[in-house]
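Okay, so here's the structure we're looking at.
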Amino acid sequence: METQIGIILAVMVFAYALAKWRNFSIELSMLFAAVAGGAAGALYNTPPPGQIFRHLVEGSFTYLDVILVFSTATIFMAIVSESGGVNYVVRSIIKHFYNIRFIALLLLMIIILIPGALTGAGSVSLLVVGAPVALALGYLGIDKRRVAAILFIVAGLSAAAPPVNIWAMILSAGTAIPYVGFELPLGIPVLLLGIFTVLFLGWKNEGTLDKQKVLEDMPEVPEKMSWWRVLLPFLVFFGLVVAYRIWPFATPIFGLALEFSIAGLVALLVSPKKIHILKLSSETMKRLLPLLATMVVVGMLQQIMTATGVRGLLSFAVISTPLVLLFIALIFIIPISEGVLTYGGAAIIGIPLIWFLDSIGLHATVAIAGLSLLWPLGDGLPPTALIGRLSVMVSGYKGTYWTFLKKTWVPWVVITIVGILMVLFSARLDFLVKWSM
Amino acid sequence: MIKQMKMSRLWIIKLTLIVFLAAIISLAGYQLYTHRHFQVPLITGPGVTKVVKLSEYSPGIKGTMADTNVFFLEGSEEGGKILILANTHANEPAALLTALLFIENAVVDKGTMIIIPMFNNSAGRNTRPGDGYPLYFEIPTKWGSKKFRMGNRDASPLDQWPDPDVYVHYPDKQLLSFLDVRNTNRTWPGRAKGPLMERVTFGAMEIMRKENVDIAIDIHGAETMFPVTNCIVAPEKSMRIAVMTTLTVKSREHFDSHVEPSPSGFRGLSHREIGDYADTFPFLLEAPIPFLDQPTGPKTVDLLLDGKDPFLLSLSKKGKLFVPYDEEGWSMEKRVGQHCSVTLEIMSQYSKKNPDRTIRISSVPRYADVLKNGVGYYYHDPNKTDKKNIIYN
Ligand SMILES: [Zn+2]
């Protein structure tokens, strides 16, 4: 049986490589791998030929809920941005804290964290707040290469930040571990690592621009913009989330997708500027399409790999690896799997890994939190390099991709160490989970 | 001209893809639709005295996919009462097969058996995206084979949706994963007007309260790599009976099923809440189901039925499984046989301690019988059964 599964795996890898070589997108390449895997499996009747299409279609629904949350949250953030809210906040930070560098850096970091934390996608952070924050960082005298590095690392952390961490959601769903109690095990390391990153990469001031000039250069904000207009939509969103936790048996279940939609509607109503919602949302969905397609295809791939036994084989390999070797391998395997398969890496390698770590007595929730700090790093690695490329684009850095990536190595190593230590000492960190609940 | 030709070529490719995609979706959609609406003939045996709907006890599920059949097997003599729940998790099918064995064969001499064979009916009509299950499995019988749906752990989102961002358990307010709002082993004790699955568990609680049920047995299956497997999970009040059952089946029938205490801090589970919210003694039975393990070969019907897998075998030799495992795998006969014997033994232990609430039944096979004859041996041919004795579910 091992040979049979090995052949199917080889066919999938070959199909993926061939498609990449023919310059197909990462989503299409994964789709080809899934279809080829299903066809190869059918030769052995695993799955039976008549079931291949059913498996592909069924698998495409695996992350439907995540896709809905992702879409509605991103449209919500796009409305806030379009109304001038983001520019307003960034402008205020520069105006008030231009000379208090520590606070200015800290606040800008938090601004990048918010959209990604709410949506689970670092790309949303970059698309929504990336440009004004990059501008502000530039005015603080940080060169573009370091700005790109800050954006990349902090956007990655934002994706790992609670409440929505898609890697942790995939791992929890796949291992039947409740997706609860992640607030502190994720929130604390993300904040500390974020602070370290902005200070390490952003402390040195290399510019000499004065405040007045800076404020003149920043994008205009609609005159009627004010703090309450920015904050109200967020208050409504968190209000809905908190209301269900305080009065769970009296509040109807809305679900995150509807909660983001309601918050988006409020943002639309309080916007000082008229927003063409249909145009804005269709543009947003267009930008999101590659990410959504990835989620759809990852589900298909996961289903085919399970039905053919490939997932079992990989899982078996993970469980059979000696522990020390496994941890050393993880430092490389996790980011590389993200770079090749994006969320597929978490599903295929992460799920068996968590089962295993859980069975040897580690605390699954903390271990998931620790590992999910490592996955976003892979978004800077080719072939996808999704967040890395966006960071370079948004910051306007003109050098080569590798010179940008080299700039990130210190935070990269620190994040890796923190993540692995969290896994190793997860049993002792379980108080973080308890305090979250 | 060239540009136009390129355009039209692109359109042809796009159109072909759309047509192809529509064909795939229709085919797969048809297969999934048929699965959701596939009816299994359930045959009422000599012991069945009435069949009612769960909605009689929980009106909030009337007319929904969550409503399901409740079989009453009332003895001629008054005695104790037992409730058996199967397919709480519809992807652990040994439970359903055991329940049908009781429904088709049991003769009740004293007391009452109440059996809900497809407790989470919605989950039994759901699939598990991403996990590549087969849609059906068939059990060989003397007269052909009996076909069943393979279900999912959770109710279908078609019946209960959306999920909250986090599920707040009623009434303890413990935070559970959003998925567990559709998991009928997390929604106990439930509410009359809560989310659909809380209404399902509420219906079962109402049966236990209104009918004064003495014992409740919730039948499951668990991975061989999961520590809580091949066991009877029991809270403090059921502990004595569980221990006696374990010892008796071990000495008389030579199979293991150890006792696990029900954790008091983890809410929503049947073995926790039933005991706390009714006078019933709850037990939850787990038998190993290798099919659900992560490191297995292809997810085939064979694996589901015989439980043989080379990866698990190799891991077993390295001491990574929680149950003994060899080339024989862990067959469906073994699992169903264990469930039969453990259930019968719990009844007899309870009856010994409470003679006025005795439950005495006969004609149900025990472990050795099921192992020898197979599960299908005990199922009757629906074509040769009086139509009034067939319930489709
Ligand atoms: Zn179960």
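Residue numbers start at 1 in each chain; chains themselves are named A, B, ... in the order of the structure tokens; ligands are numbered from 1 in the order shown.
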Show me a table, sorted first by chain and then by increasing residue number, of the residues of chain B having an atom at most 10 Å from ligand 1, each with its shortest atom pair and the distance in Å to one decimal, counting only C-alpha atoms and all ligand atoms and written as CSV.
```
residue,atom,partner,partner_atom_place_in_ligand_line,distance
B:Ala86,CA,ligand 1,1 (Zn),9.5
B:Asn87,CA,ligand 1,1 (Zn),8.1
B:Thr88,CA,ligand 1,1 (Zn),6.7
B:His89,CA,ligand 1,1 (Zn),4.9
B:Ala90,CA,ligand 1,1 (Zn),8.1
B:Asn91,CA,ligand 1,1 (Zn),7.9
B:Glu92,CA,ligand 1,1 (Zn),6.3
B:Pro93,CA,ligand 1,1 (Zn),9.7
B:Ala95,CA,ligand 1,1 (Zn),9.3
B:Arg153,CA,ligand 1,1 (Zn),7.2
B:Asn183,CA,ligand 1,1 (Zn),9.4
B:Thr184,CA,ligand 1,1 (Zn),9.3
B:Asn185,CA,ligand 1,1 (Zn),7.3
B:Asp218,CA,ligand 1,1 (Zn),8.9
B:Ile219,CA,ligand 1,1 (Zn),7.5
B:His220,CA,ligand 1,1 (Zn),4.4
B:Gly221,CA,ligand 1,1 (Zn),5.4
B:Ala222,CA,ligand 1,1 (Zn),6.4
B:Glu223,CA,ligand 1,1 (Zn),9.6
B:Leu284,CA,ligand 1,1 (Zn),9.1
B:Leu285,CA,ligand 1,1 (Zn),9.0
B:Glu286,CA,ligand 1,1 (Zn),7.6
B:Ala287,CA,ligand 1,1 (Zn),9.6
```
(request) Assign secondary structure with DSSP using the backbone only, and return the residues of stretch 38-125 of chain A in helix (DSSP H, G or I) as a PyMOL selection string. (result) chain A and resi 38-43+49-59+64-82+85-97+101-119+122-125
(message) Quick one: residues within 6 Å of A:Ala148, only C-alpha atoms, excluding same-chain residues fewer than 3 positions away - as number ranges by chain?
(response) A: 145, 151, 391-392, 395
(message) Quick check: residues of chain A within 6 Å of chain B, only C-alpha atoms, returned as JSON, numbers by chain.
(response) {"A": [53, 54, 58, 59, 62, 178, 179, 180, 253, 255, 256, 299, 302, 303, 306, 307, 308, 309, 312, 315, 316]}
Deliver the residues from the most recent selection as a file, using C-alpha atoms, as a CSV table (one decimal), in the first residue's frame.
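Written file, part_0.csv:
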```
chain,number,residue,atom,x,y,z
A,53,PHE,CA,-15.9,14.6,-9.0
A,54,ARG,CA,-17.9,14.3,-5.8
A,58,GLU,CA,-17.3,18.3,-1.6
A,59,GLY,CA,-13.7,19.3,-0.8
A,62,THR,CA,-14.3,22.6,3.3
A,178,PRO,CA,-12.0,23.6,20.4
A,179,TYR,CA,-11.0,26.9,18.7
A,180,VAL,CA,-11.2,28.7,22.1
A,253,ILE,CA,-26.6,33.7,16.7
A,255,GLY,CA,-22.1,34.5,13.0
A,256,LEU,CA,-19.0,36.4,12.1
A,299,GLY,CA,-10.1,22.0,0.6
A,302,GLN,CA,-7.1,18.0,1.3
A,303,GLN,CA,-10.1,15.8,0.4
A,306,THR,CA,-7.2,11.9,2.4
A,307,ALA,CA,-9.3,9.8,0.1
A,308,THR,CA,-6.1,8.5,-1.6
A,309,GLY,CA,-4.1,7.9,1.6
A,312,GLY,CA,-2.2,9.4,6.0
A,315,SER,CA,0.9,12.0,8.8
A,316,PHE,CA,2.6,8.7,9.4
```
(request) Extract the full set of strand (DSSP E) residues from stretch 176-386 of chain B according to DSSP on the backbone, and format it as a list in words. (result)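 The strand (DSSP E) subset of stretch 176-386 of chain B is Leu176, Ile215, Ala216, Ile217, Asp218, Ile219, His220, Gly221, Ala222, Cys231, Ile232, Val233, Ala234, His258, Val259, Glu260, Pro261, Phe281, Pro282, Phe283, Leu284, Leu285, Glu286, Ala287, Pro288, Arg360, Ile361 and Ser362 of chain B.
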Contact residues around stretch 345-351 of chain B with only C-alpha atoms at 9 Å, ignoring same-chain residues under 2 positions, as a CSV table (one decimal) with all heavy atoms, in the first residue's frame:
```csv
chain,number,residue,atom,x,y,z
B,80,GLY,N,-37.6,-1.6,35.0
B,80,GLY,CA,-36.8,-0.4,34.7
B,80,GLY,C,-36.8,0.0,33.3
B,80,GLY,O,-37.4,-0.6,32.5
B,82,ILE,N,-34.5,1.7,29.9
B,82,ILE,CA,-33.1,2.0,29.4
B,82,ILE,C,-33.3,2.8,28.1
B,82,ILE,O,-34.2,2.5,27.3
B,82,ILE,CB,-32.3,0.8,29.2
B,82,ILE,CG1,-30.9,1.2,28.6
B,82,ILE,CG2,-33.0,-0.2,28.2
B,82,ILE,CD1,-29.9,0.0,28.5
B,214,ASP,N,-34.0,4.8,33.7
B,214,ASP,CA,-33.0,4.5,34.7
B,214,ASP,C,-31.6,4.6,34.2
B,214,ASP,O,-30.7,5.1,34.8
B,214,ASP,CB,-33.2,3.1,35.2
B,214,ASP,CG,-34.6,2.9,35.8
B,214,ASP,OD1,-35.6,2.7,35.1
B,214,ASP,OD2,-34.6,2.9,37.1
B,215,ILE,N,-31.4,4.1,32.9
B,215,ILE,CA,-30.0,4.0,32.4
B,215,ILE,C,-30.1,4.7,31.0
B,215,ILE,O,-31.0,4.4,30.2
B,215,ILE,CB,-29.6,2.6,32.2
B,215,ILE,CG1,-29.8,1.7,33.4
B,215,ILE,CG2,-28.1,2.5,31.8
B,215,ILE,CD1,-29.6,0.3,33.1
B,241,ILE,N,-21.4,0.6,38.6
B,241,ILE,CA,-22.0,-0.3,37.6
B,241,ILE,C,-21.0,-0.5,36.4
B,241,ILE,O,-20.8,-1.6,35.9
B,241,ILE,CB,-23.3,0.2,37.1
B,241,ILE,CG1,-24.3,0.2,38.2
B,241,ILE,CG2,-23.8,-0.6,35.9
B,241,ILE,CD1,-25.6,0.9,37.9
B,242,ALA,N,-20.3,0.6,36.0
B,242,ALA,CA,-19.4,0.5,34.9
B,242,ALA,C,-18.2,-0.4,35.3
B,242,ALA,O,-17.8,-1.2,34.5
B,242,ALA,CB,-18.8,1.9,34.6
B,244,MET,N,-18.2,-2.9,37.5
B,244,MET,CA,-18.6,-4.3,37.5
B,244,MET,C,-18.8,-4.8,36.1
B,244,MET,O,-18.5,-6.0,35.8
B,244,MET,CB,-20.0,-4.3,38.2
B,244,MET,CG,-19.9,-4.2,39.8
B,244,MET,SD,-18.7,-5.3,40.5
B,244,MET,CE,-19.5,-6.9,40.2
B,245,THR,N,-19.3,-4.0,35.2
B,245,THR,CA,-19.5,-4.4,33.8
B,245,THR,C,-18.1,-4.8,33.2
B,245,THR,O,-18.0,-5.8,32.5
B,245,THR,CB,-20.1,-3.3,33.0
B,245,THR,OG1,-21.4,-3.0,33.6
B,245,THR,CG2,-20.3,-3.6,31.5
B,246,THR,N,-17.1,-3.9,33.4
B,246,THR,CA,-15.8,-4.1,32.8
B,246,THR,C,-15.3,-5.4,33.3
B,246,THR,O,-14.8,-6.3,32.5
B,246,THR,CB,-14.9,-3.0,33.3
B,246,THR,OG1,-15.3,-1.8,32.7
B,246,THR,CG2,-13.5,-3.2,32.9
B,248,THR,N,-16.8,-8.0,34.5
B,248,THR,CA,-17.6,-9.2,34.1
B,248,THR,C,-17.3,-9.5,32.6
B,248,THR,O,-17.1,-10.7,32.3
B,248,THR,CB,-19.1,-8.9,34.3
B,248,THR,OG1,-19.3,-8.3,35.6
B,248,THR,CG2,-19.9,-10.2,34.2
B,249,VAL,N,-17.3,-8.5,31.7
B,249,VAL,CA,-17.1,-8.9,30.3
B,249,VAL,C,-15.7,-9.4,30.2
B,249,VAL,O,-15.4,-10.3,29.3
B,249,VAL,CB,-17.4,-7.7,29.3
B,249,VAL,CG1,-18.8,-7.3,29.4
B,249,VAL,CG2,-16.5,-6.5,29.6
B,283,PHE,N,-24.0,6.3,30.6
B,283,PHE,CA,-22.8,5.6,30.2
B,283,PHE,C,-22.5,6.0,28.8
B,283,PHE,O,-23.4,6.1,28.0
B,283,PHE,CB,-23.0,4.1,30.3
B,283,PHE,CG,-23.3,3.6,31.6
B,283,PHE,CD1,-24.7,3.6,32.0
B,283,PHE,CD2,-22.4,3.2,32.5
B,283,PHE,CE1,-25.1,3.1,33.3
B,283,PHE,CE2,-22.7,2.7,33.8
B,283,PHE,CZ,-24.1,2.7,34.2
B,340,CYS,N,-22.8,-4.7,22.1
B,340,CYS,CA,-23.9,-5.5,22.5
B,340,CYS,C,-23.7,-6.1,23.9
B,340,CYS,O,-24.5,-5.9,24.8
B,340,CYS,CB,-24.1,-6.7,21.6
B,340,CYS,SG,-24.8,-6.2,20.0
B,341,SER,N,-22.5,-6.7,24.1
B,341,SER,CA,-22.3,-7.3,25.4
B,341,SER,C,-22.2,-6.3,26.5
B,341,SER,O,-22.8,-6.5,27.6
B,341,SER,CB,-21.0,-8.1,25.4
B,341,SER,OG,-21.2,-9.4,24.8
B,342,VAL,N,-21.5,-5.2,26.3
B,342,VAL,CA,-21.4,-4.1,27.3
B,342,VAL,C,-22.8,-3.6,27.7
B,342,VAL,O,-23.1,-3.4,28.9
B,342,VAL,CB,-20.4,-3.0,26.9
B,342,VAL,CG1,-20.5,-1.9,27.9
B,342,VAL,CG2,-19.0,-3.6,26.8
B,343,THR,N,-23.6,-3.3,26.7
B,343,THR,CA,-25.0,-2.8,26.9
B,343,THR,C,-25.8,-3.8,27.8
B,343,THR,O,-26.4,-3.4,28.8
B,343,THR,CB,-25.7,-2.5,25.6
B,343,THR,OG1,-24.9,-1.6,24.8
B,343,THR,CG2,-27.1,-1.9,25.8
B,353,LYS,N,-28.7,-4.6,41.2
B,353,LYS,CA,-28.7,-3.6,42.3
B,353,LYS,C,-30.1,-3.1,42.6
B,353,LYS,O,-30.4,-2.6,43.7
B,353,LYS,CB,-27.8,-2.4,42.0
B,353,LYS,CG,-26.3,-2.8,41.9
B,353,LYS,CD,-25.6,-2.6,43.2
B,353,LYS,CE,-24.2,-3.1,43.2
B,353,LYS,NZ,-24.0,-4.4,42.6
B,354,ASN,N,-30.9,-3.1,41.6
B,354,ASN,CA,-32.3,-2.5,41.7
B,354,ASN,C,-33.3,-3.5,41.2
B,354,ASN,O,-33.9,-3.3,40.1
B,354,ASN,CB,-32.4,-1.2,40.9
B,354,ASN,CG,-31.2,-0.2,41.2
B,354,ASN,OD1,-31.3,0.5,42.2
B,354,ASN,ND2,-30.2,-0.3,40.4
B,355,PRO,N,-33.6,-4.5,42.0
B,355,PRO,CA,-34.5,-5.6,41.5
B,355,PRO,C,-35.9,-5.1,41.1
B,355,PRO,O,-36.5,-5.6,40.2
B,355,PRO,CB,-34.6,-6.5,42.8
B,355,PRO,CG,-33.5,-6.1,43.6
B,355,PRO,CD,-33.1,-4.7,43.4
B,356,ASP,N,-36.4,-4.0,41.8
B,356,ASP,CA,-37.7,-3.6,41.4
B,356,ASP,C,-37.7,-2.8,40.1
B,356,ASP,O,-38.7,-2.6,39.4
B,356,ASP,CB,-38.3,-2.6,42.5
B,356,ASP,CG,-37.3,-1.5,42.8
B,356,ASP,OD1,-36.1,-1.8,42.9
B,356,ASP,OD2,-37.7,-0.4,43.0
B,357,ARG,N,-36.5,-2.5,39.6
B,357,ARG,CA,-36.4,-1.8,38.3
B,357,ARG,C,-35.6,-2.7,37.3
B,357,ARG,O,-34.8,-2.2,36.5
B,357,ARG,CB,-35.6,-0.4,38.5
B,357,ARG,CG,-36.3,0.6,39.4
B,357,ARG,CD,-37.6,1.1,38.9
B,357,ARG,NE,-37.4,2.0,37.7
B,357,ARG,CZ,-38.4,2.4,37.0
B,357,ARG,NH1,-39.6,2.2,37.3
B,357,ARG,NH2,-38.1,3.2,35.9
B,358,THR,N,-35.9,-3.9,37.4
B,358,THR,CA,-35.2,-4.9,36.5
B,358,THR,C,-35.5,-4.6,35.0
B,358,THR,O,-36.7,-4.3,34.7
B,358,THR,CB,-35.6,-6.3,36.9
B,358,THR,OG1,-35.0,-6.6,38.2
B,358,THR,CG2,-35.0,-7.3,35.9
B,359,ILE,N,-34.5,-4.7,34.2
B,359,ILE,CA,-34.8,-4.8,32.7
B,359,ILE,C,-34.2,-6.1,32.2
B,359,ILE,O,-33.0,-6.4,32.4
B,359,ILE,CB,-34.0,-3.6,32.0
B,359,ILE,CG1,-34.3,-2.3,32.7
B,359,ILE,CG2,-34.4,-3.5,30.5
B,359,ILE,CD1,-33.3,-1.2,32.3
B,360,ARG,N,-35.1,-6.9,31.7
B,360,ARG,CA,-34.7,-8.2,31.2
B,360,ARG,C,-35.0,-8.4,29.8
B,360,ARG,O,-36.2,-8.3,29.4
B,360,ARG,CB,-35.3,-9.3,32.1
B,360,ARG,CG,-34.5,-10.7,32.0
B,360,ARG,CD,-35.0,-11.6,33.1
B,360,ARG,NE,-36.4,-11.9,33.1
B,360,ARG,CZ,-37.2,-11.7,34.1
B,360,ARG,NH1,-36.7,-11.3,35.3
B,360,ARG,NH2,-38.5,-11.9,34.0
```
(request) Tell me, as a list of chain:residue names, which residues lie within 10 Å of A:Pro189, counting only C-alpha atoms; anything in the same chain fewer than 2 positions away does not count. (result) A:Leu157, A:Ala160, A:Ala161, A:Leu184, A:Pro185, A:Leu186, A:Gly187, A:Leu191, A:Leu192, A:Leu193, A:Gly194, A:Ile195, A:Ala369, A:Gly370, A:Leu373, A:Ile415, A:Val418, A:Gly419, A:Met422
(message) List the spatial neighbours of B:Lys53 as a PyMOL selection string - criterion: any atom at most 9 Å away, only C-alpha atoms, same-chain residues fewer than 6 positions off excluded.
(response) chain B and resi 62+67-71
File dump, residues just selected, C-alpha atoms, as a PDB file, in the first residue's frame:
```
ATOM      1  CA  LYS B  62     -40.982  19.127  14.180  1.00  0.00           C
ATOM      2  CA  ASP B  67     -36.519  15.003  13.788  1.00  0.00           C
ATOM      3  CA  THR B  68     -35.919  11.288  14.161  1.00  0.00           C
ATOM      4  CA  ASN B  69     -37.577   7.995  15.149  1.00  0.00           C
ATOM      5  CA  VAL B  70     -37.783   6.760  18.728  1.00  0.00           C
ATOM      6  CA  PHE B  71     -38.448   3.017  19.136  1.00  0.00           C
TER       7      PHE B  71
END
```
(request) Record the distance separating atom CA of B:Pro59 and atom CA of B:Pro46, expressed in Å with one decimal. (result)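 Computed distance, atom CA of B:Pro59 to atom CA of B:Pro46, equals 28.9 Å.
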(message) Set the distance at 9 Å and use only C-alpha atoms: which residues neighbour B:Leu85 once local chain neighbours fewer than 2 positions away are removed? I'd like the list as a list in words.
(response)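 Near B:Leu85, the qualifying residues are Leu83, Asn87, Thr88, Ala95, Leu96, Ala99, Ile114, Ile115, Ile116, Pro117, Met118, Phe119, Ala204, Ala216, Ile217, Asp218 and Ile219 of chain B.
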(request) Could you check which of B:Glu328, B:Asp279, B:Asp386, B:Asp109 is closest to B:Glu206, using only C-alpha atoms? (result)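 The shortest atom-to-atom distance to B:Glu206 comes from B:Asp279.
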(request) Tell me which of A:Pro162, A:Met169, A:Ile79, A:Pro335 sits closest to A:Leu269, counting only C-alpha atoms. (result) A:Ile79
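Taking atom CA of A:Val13 and atom CA of A:Met295 as the two end points, the separation is 18.9 Å.
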